[in-house]
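Structure file work.cif with mmCIF, C-alpha atoms:
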data_work
loop_
_atom_site.label_atom_id
_atom_site.label_comp_id
_atom_site.auth_asym_id
_atom_site.auth_seq_id
_atom_site.Cartn_x
_atom_site.Cartn_y
_atom_site.Cartn_z
CA MET N 17 107.07 119.56 85.47
CA ILE N 18 103.79 121.36 86.17
CA PHE N 19 101.78 118.72 84.32
CA SER N 20 103.62 115.92 86.11
CA THR N 21 102.96 117.48 89.53
CA LEU N 22 99.28 118.07 88.73
CA GLU N 23 98.97 114.50 87.52
CA HIS N 24 100.55 113.22 90.73
CA ILE N 25 98.18 115.32 92.88
CA LEU N 26 95.03 114.25 91.01
CA THR N 27 96.00 110.58 91.18
CA HIS N 28 96.46 110.63 94.93
CA ILE N 29 93.38 112.77 95.57
CA SER N 30 91.21 110.30 93.67
CA PHE N 31 92.76 107.39 95.58
CA SER N 32 92.26 109.14 98.93
CA VAL N 33 88.66 110.19 98.22
CA VAL N 34 87.57 106.74 97.10
CA SER N 35 89.22 105.26 100.22
CA ILE N 36 87.06 107.57 102.33
CA VAL N 37 84.01 106.57 100.27
CA ILE N 38 84.62 102.91 101.08
CA ALA N 39 84.89 103.72 104.81
CA ILE N 40 81.61 105.65 104.61
CA ARG N 41 79.92 102.80 102.73
CA LEU N 42 80.97 100.35 105.46
CA ILE N 43 79.45 102.62 108.09
CA THR N 44 76.18 103.08 106.17
CA LEU N 45 75.89 99.32 105.75
CA LEU N 46 75.75 99.10 109.56
CA VAL N 47 73.63 102.21 110.12
CA ASN N 48 71.31 102.86 107.18
CA GLU N 49 69.70 105.89 108.78
CA ILE N 50 72.74 108.15 108.42
CA VAL N 51 71.58 110.05 105.32
CA VAL N 52 74.37 112.63 105.59
CA LEU N 53 77.02 109.93 105.25
CA TYR N 54 75.24 108.44 102.24
CA ASP N 55 75.16 111.85 100.52
CA SER N 56 78.85 112.30 101.34
CA SER N 57 79.75 109.00 99.69
CA GLU N 58 77.85 109.99 96.55
CA LYS N 59 79.64 113.33 96.41
CA GLY N 60 82.91 111.51 96.97
CA MET N 61 82.32 109.33 93.91
CA ILE N 62 81.57 112.43 91.84
CA VAL N 63 84.78 114.10 93.08
CA THR N 64 86.68 110.91 92.19
CA PHE N 65 85.22 110.95 88.68
CA PHE N 66 86.29 114.55 88.06
CA CYS N 67 89.77 113.93 89.51
CA ILE N 68 90.35 110.96 87.22
CA THR N 69 88.92 112.92 84.27
CA GLY N 70 91.30 115.78 85.06
CA LEU N 71 94.18 113.31 85.30
CA LEU N 72 93.41 111.85 81.86
CA VAL N 73 93.00 115.28 80.25
CA THR N 74 96.24 116.51 81.84
CA ARG N 75 98.18 113.51 80.58
CA TRP N 76 96.55 113.83 77.14
CA ILE N 77 97.64 117.47 76.83
CA PHE N 78 101.13 116.74 78.14
CA SER N 79 101.78 113.65 75.97
CA GLY N 80 99.93 114.79 72.85
CA HIS N 81 98.02 111.52 72.50
CA LEU N 82 95.09 109.80 74.20
CA PRO N 83 96.52 108.18 77.38
CA LEU N 84 95.99 104.56 76.43
CA SER N 85 99.47 103.52 75.32
CA ASP N 86 100.64 101.46 78.31
CA LEU N 87 99.46 99.54 81.37
CA TYR N 88 99.54 102.57 83.68
CA GLU N 89 97.44 104.74 81.36
CA SER N 90 94.93 101.98 80.63
CA ILE N 91 94.48 101.31 84.36
CA ILE N 92 93.67 104.98 84.93
CA PHE N 93 91.22 104.80 82.03
CA LEU N 94 89.70 101.64 83.54
CA SER N 95 89.17 103.53 86.82
CA TRP N 96 87.49 106.29 84.84
CA GLY N 97 85.26 103.69 83.18
CA PHE N 98 84.22 102.32 86.58
CA SER N 99 83.32 105.80 87.81
CA ILE N 100 81.33 106.50 84.63
CA PHE N 101 79.07 103.52 85.31
CA HIS N 102 78.41 104.90 88.78
CA ILE N 103 77.73 108.48 87.62
CA VAL N 104 75.32 107.53 84.78
CA PRO N 105 72.48 106.19 86.98
CA VAL N 106 73.12 108.83 89.66
CA PHE N 107 69.66 110.38 89.43
CA GLY N 108 67.00 108.38 91.26
CA PHE N 109 67.12 104.71 92.22
CA LYS N 110 68.69 105.26 95.65
CA LYS N 111 68.91 101.52 96.40
CA LEU N 112 70.61 100.89 93.07
CA LYS N 113 73.22 103.55 93.86
CA ASN N 114 73.85 101.91 97.24
CA TYR N 115 74.72 98.60 95.60
CA LEU N 116 76.72 100.27 92.82
CA SER N 117 78.90 102.12 95.33
CA THR N 118 79.54 98.84 97.13
CA ILE N 119 80.78 97.31 93.87
CA ILE N 120 82.46 100.20 92.08
CA ALA N 121 84.31 101.97 94.93
CA PRO N 122 86.51 98.92 95.77
CA SER N 123 87.15 98.41 92.04
CA ILE N 124 88.40 101.98 91.69
CA ILE N 125 90.57 101.80 94.80
CA PHE N 126 92.12 98.57 93.51
CA THR N 127 92.94 99.99 90.08
CA GLN N 128 94.04 103.39 91.41
CA GLY N 129 96.08 101.74 94.14
CA PHE N 130 97.87 99.57 91.59
CA ALA N 131 98.46 102.58 89.33
CA THR N 132 100.02 104.62 92.15
CA SER N 133 102.12 101.73 93.45
CA GLY N 134 105.85 101.56 92.88
CA LEU N 135 105.38 98.73 90.37
CA LEU N 136 104.50 101.12 87.55
CA THR N 137 106.75 104.05 88.50
CA GLU N 138 108.63 104.04 85.19
CA MET N 139 105.35 104.30 83.28
CA HIS N 140 104.28 107.45 85.13
CA GLU N 141 106.40 109.53 82.76
CA SER N 142 104.83 110.08 79.34
CA ALA N 143 106.84 108.71 76.44
CA ILE N 144 106.78 109.01 72.66
CA LEU N 145 104.57 106.37 71.10
CA VAL N 146 106.29 103.47 69.39
CA PRO N 147 105.60 103.40 65.62
CA ALA N 148 103.04 100.58 65.86
CA LEU N 149 100.91 102.68 68.25
CA GLN N 150 101.04 105.84 66.14
CA SER N 151 97.68 105.11 64.55
CA HIS N 152 94.18 106.58 64.65
CA TRP N 153 93.00 103.08 65.64
CA LEU N 154 94.59 103.50 69.08
CA MET N 155 91.69 105.58 70.39
CA MET N 156 88.96 103.39 68.92
CA HIS N 157 90.41 99.98 69.77
CA VAL N 158 91.83 100.51 73.26
CA SER N 159 89.05 102.79 74.54
CA MET N 160 86.37 100.31 73.44
CA MET N 161 88.23 97.37 74.96
CA VAL N 162 88.82 99.07 78.32
CA LEU N 163 85.27 100.47 78.54
CA GLY N 164 84.03 96.99 77.64
CA TYR N 165 86.10 95.47 80.46
CA ALA N 166 84.81 98.10 82.91
CA ALA N 167 81.17 97.48 81.98
CA LEU N 168 81.52 93.69 82.03
CA LEU N 169 83.31 93.73 85.40
CA CYS N 170 80.63 95.98 86.93
CA GLY N 171 77.85 93.79 85.54
CA SER N 172 79.38 90.49 86.58
CA PHE N 173 78.26 90.81 90.25
CA GLN N 174 75.26 88.74 89.77
CA PHE N 175 75.42 87.74 93.39
CA ILE N 176 73.32 90.81 94.24
CA GLN N 177 69.80 89.91 93.09
CA GLN N 178 68.59 93.53 93.14
CA LEU N 179 71.13 94.35 90.43
CA ASP N 180 70.17 91.49 88.13
CA ARG N 181 68.31 93.54 85.51
CA TRP N 182 70.88 96.33 85.65
CA SER N 183 73.68 93.77 85.34
CA TYR N 184 72.09 92.29 82.23
CA ARG N 185 71.87 95.73 80.61
CA ILE N 186 75.40 96.78 81.52
CA ILE N 187 76.83 93.43 80.38
CA SER N 188 74.98 93.86 77.07
CA LEU N 189 76.57 97.30 76.69
CA GLY N 190 79.99 95.95 77.67
CA PHE N 191 79.61 93.12 75.18
CA LEU N 192 78.90 95.68 72.44
CA PHE N 193 82.00 97.70 73.41
CA LEU N 194 84.09 94.52 73.49
CA THR N 195 82.84 93.46 70.04
CA ILE N 196 83.67 96.87 68.55
CA GLY N 197 87.06 96.77 70.26
CA ILE N 198 87.92 93.34 68.87
CA LEU N 199 86.78 94.21 65.33
CA SER N 200 88.66 97.53 65.28
CA GLY N 201 91.69 95.73 66.71
CA ALA N 202 91.55 93.20 63.89
CA VAL N 203 91.55 95.97 61.27
CA TRP N 204 94.45 97.69 63.06
CA ALA N 205 96.36 94.39 63.29
CA ASN N 206 96.04 93.92 59.55
CA GLU N 207 97.52 97.39 58.96
CA ALA N 208 100.33 96.93 61.48
CA TRP N 209 101.20 93.24 61.17
CA GLY N 210 99.62 92.18 57.87
CA SER N 211 97.08 89.81 59.42
CA TYR N 212 93.64 90.33 60.95
CA TRP N 213 94.17 87.67 63.61
CA ASN N 214 97.35 86.08 64.98
CA TRP N 215 96.13 84.09 68.02
CA ASP N 216 98.40 86.26 70.13
CA PRO N 217 97.81 85.58 73.91
CA LYS N 218 95.93 88.87 74.29
CA GLU N 219 93.78 88.15 71.25
CA THR N 220 93.10 84.60 72.41
CA TRP N 221 91.98 85.66 75.90
CA ALA N 222 89.90 88.51 74.46
CA PHE N 223 88.14 85.95 72.26
CA ILE N 224 87.59 83.68 75.29
CA THR N 225 86.12 86.66 77.18
CA TRP N 226 83.83 87.46 74.26
CA THR N 227 82.69 83.83 74.06
CA ILE N 228 81.93 83.63 77.80
CA PHE N 229 79.73 86.70 77.73
CA ALA N 230 78.07 85.60 74.49
CA ILE N 231 77.11 82.43 76.38
CA TYR N 232 75.85 84.59 79.29
CA LEU N 233 73.60 86.63 77.00
CA HIS N 234 72.32 83.42 75.43
CA THR N 235 71.48 81.89 78.82
CA ARG N 236 69.55 85.02 79.77
CA LYS N 237 67.32 84.47 76.73
CA LYS N 238 66.46 80.97 77.94
CA LYS N 239 64.08 81.13 80.91
CA LYS N 240 65.08 77.72 82.26
CA TRP N 241 68.75 78.77 82.31
CA GLU N 242 68.48 82.30 83.67
CA GLY N 243 69.15 83.12 87.32
CA VAL N 244 71.75 80.90 88.94
CA ASN N 245 73.13 79.50 85.68
CA SER N 246 73.64 82.91 84.09
CA SER N 247 75.19 84.17 87.34
CA ILE N 248 77.76 81.37 87.24
CA VAL N 249 78.67 82.23 83.66
CA ALA N 250 79.01 85.93 84.58
CA SER N 251 81.24 85.04 87.54
CA ILE N 252 83.50 82.97 85.27
CA GLY N 253 83.62 85.92 82.88
CA PHE N 254 84.68 88.18 85.76
CA LEU N 255 87.76 86.03 86.39
CA ILE N 256 88.53 85.68 82.68
CA ILE N 257 88.58 89.47 82.20
CA TRP N 258 91.18 89.94 84.92
CA ILE N 259 93.33 87.23 83.35
CA CYS N 260 92.97 88.85 79.93
CA TYR N 261 93.64 92.38 81.17
CA PHE N 262 96.08 92.11 84.06
CA GLY N 263 97.53 88.65 83.59
CA ILE N 264 98.69 89.04 79.99
CA ASN N 265 99.84 92.64 80.54
CA LEU N 266 101.88 91.73 83.60
CA LEU N 267 103.58 88.89 81.75
CA GLY N 268 104.32 91.14 78.78
CA ILE N 269 104.16 88.34 76.21
CA GLY N 270 103.05 88.35 72.61
CA LEU N 271 102.46 91.14 70.12
CA HIS N 272 100.57 93.24 72.69
CA SER N 273 103.55 93.70 74.98
CA TYR N 274 103.84 97.47 74.37
CA GLY N 275 104.06 99.28 77.69
CA SER N 276 103.57 96.08 79.67
CA PHE N 277 104.95 95.54 83.14
CA THR N 278 107.93 93.44 82.06
CA SER N 279 108.94 95.69 79.18
CA ASN N 280 110.13 98.40 81.55
#

Using structure tokens, write down the structure that the file contains.
Amino acid sequence: MIFSTLEHILTHISFSVVSIVIAIRLITLLVNEIVVLYDSSEKGMIVTFFCITGLLVTRWIFSGHLPLSDLYESIIFLSWGFSIFHIVPVFGFKKLKNYLSTIIAPSIIFTQGFATSGLLTEMHESAILVPALQSHWLMMHVSMMVLGYAALLCGSFQFIQQLDRWSYRIISLGFLFLTIGILSGAVWANEAWGSYWNWDPKETWAFITWTIFAIYLHTRKKKKWEGVNSSIVASIGFLIIWICYFGINLLGIGLHSYGSFTSN
């Protein structure tokens, strides 16, 4: 009961704080000279990070396993991933932080808002893992996939020219996470289902996502293709990730239907 209450409080605090951050960011976009408000928004993002971290740790202790077993837990982890990519470059590069807040804060409020909505109420209570998820590969596979999604989503805003170099680096990191996630998932699939690859809807869309961002990284290596062309590819990848992550999970189809929206 205590853990559940603490989890509920941390979830809503993080949602409330990031909502305030967005309001502050809108004001600072109109009046750049308000340094106090800028500092407040930065502190707000740090508070959000620690609230989400506390939420994950609390759920981990309460459930006895890393909170990555269903859609609700993975959304919280995705929010944590977004906040990580804001905290990492927090020292220096004031302009970069301005743009990052503009991108990341709405992403967090969207994921946290969905997590706290009534749609996932039944998933808020921790449950015993189904046999297929009782594996050491759960941490490696799901954490790498979700961190990969977070990095790729953050880096896909190529519309902001000032973030172009940062986007390339963060997409490269996300691509590495995604690759590790897919490979570890294949090994886990062989242990659980007897086959490394089954062309399950989740696997298929993950492969499409990987291919899109492989094309993006290739276009960045070609000078005549970089810029607008690579931005278009990144934007397509942005949409593909949401289809792969939310679309398939909401439908609850295929072998990856554990803890999906329709399974409750």

Separating CA of Val249 (chain N) from CA of Phe101 (chain N), to the nearest tenth of an Å, is a gap of 21.4 Å

Q: Would you mind listing what lies within 9 Å of Ser246 (chain N) as a list in words, with only C-alpha atoms counted and same-chain residues fewer than 4 positions away left out?
A: Gln174, Ile231, Tyr232, Leu233, His234, Thr235, Arg236, Trp241, Glu242, Ala250 and Ser251 of chain N

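Against this structure, the PyMOL selection byres ((chain N and resi 152) around 12) ends up with His81, Leu82, Pro147, Ala148, Leu149, Gln150, Ser151, Trp153, Leu154, Met155, Met156, His157, Val158, Ser159, Ser200, Gly201, Val203, Trp204, Glu207 and Ala208 of chain N.
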
Which one is closest to Gly97 (chain N): N:Trp215, N:Tyr165, N:Phe130, N:Trp226? Count all atoms listed in the file.
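Ranking N:Trp215, N:Tyr165, N:Phe130, N:Trp226 by distance to Gly97 (chain N), first place goes to N:Tyr165.
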
One residue among N:Ser183, N:Thr69, N:Ser56, N:Thr195 is nearest to Phe223 (chain N) when using all atoms listed in the file, and that residue is N:Thr195

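A straight line drawn from CA of Tyr212 (chain N) to CA of Asp86 (chain N) is 21.8 Å long.
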
Atom pair CA of Val37 (chain N) + CA of Ala167 (chain N), distance 20.6 Å

Judged by all atoms listed in the file, the minimum distance to Ile198 (chain N) among N:Ile100, N:Leu145, N:Met160, N:Ile29 is found for N:Met160

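Of the listed residues N:Tyr261, N:Tyr88, N:Phe191, N:Phe65, the one whose atoms come nearest to Pro217 (chain N) is N:Tyr261, with distances taken using all atoms listed in the file.
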
- Evaluate the PyMOL selection byres ((chain N and resi 221) around 12) and report residues as a list in words: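 That selection, the PyMOL selection byres ((chain N and resi 221) around 12), comes back as Ile198, Trp215, Asp216, Pro217, Lys218, Glu219, Thr220, Ala222, Phe223, Ile224, Thr225, Trp226, Thr227, Ile228, Gly253, Leu255, Ile256, Ile257, Trp258, Ile259, Cys260, Tyr261, Phe262, Gly263, Ile264, Asn265, Gly270 and His272 of chain N.
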
- prompt: What does the PyMOL selection byres ((chain N and resi 94) around 8) select in this file, as number ranges by chain?
  reply: N: 90-93, 95-98, 127, 162-163, 165-166

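Distance annotation: of N:Trp209, N:Ile125, N:Asp180, N:Met161, the residue with the minimal separation from Phe193 (chain N) is N:Met161; atom set is all atoms listed in the file.
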
**Prompt:** From the list N:Phe31, N:Phe173, N:Phe78, N:Tyr184, which residue is nearest Thr64 (chain N) when using only C-alpha atoms?
**Reply:**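 Of all the options, N:Phe31 lies closest to Thr64 (chain N).
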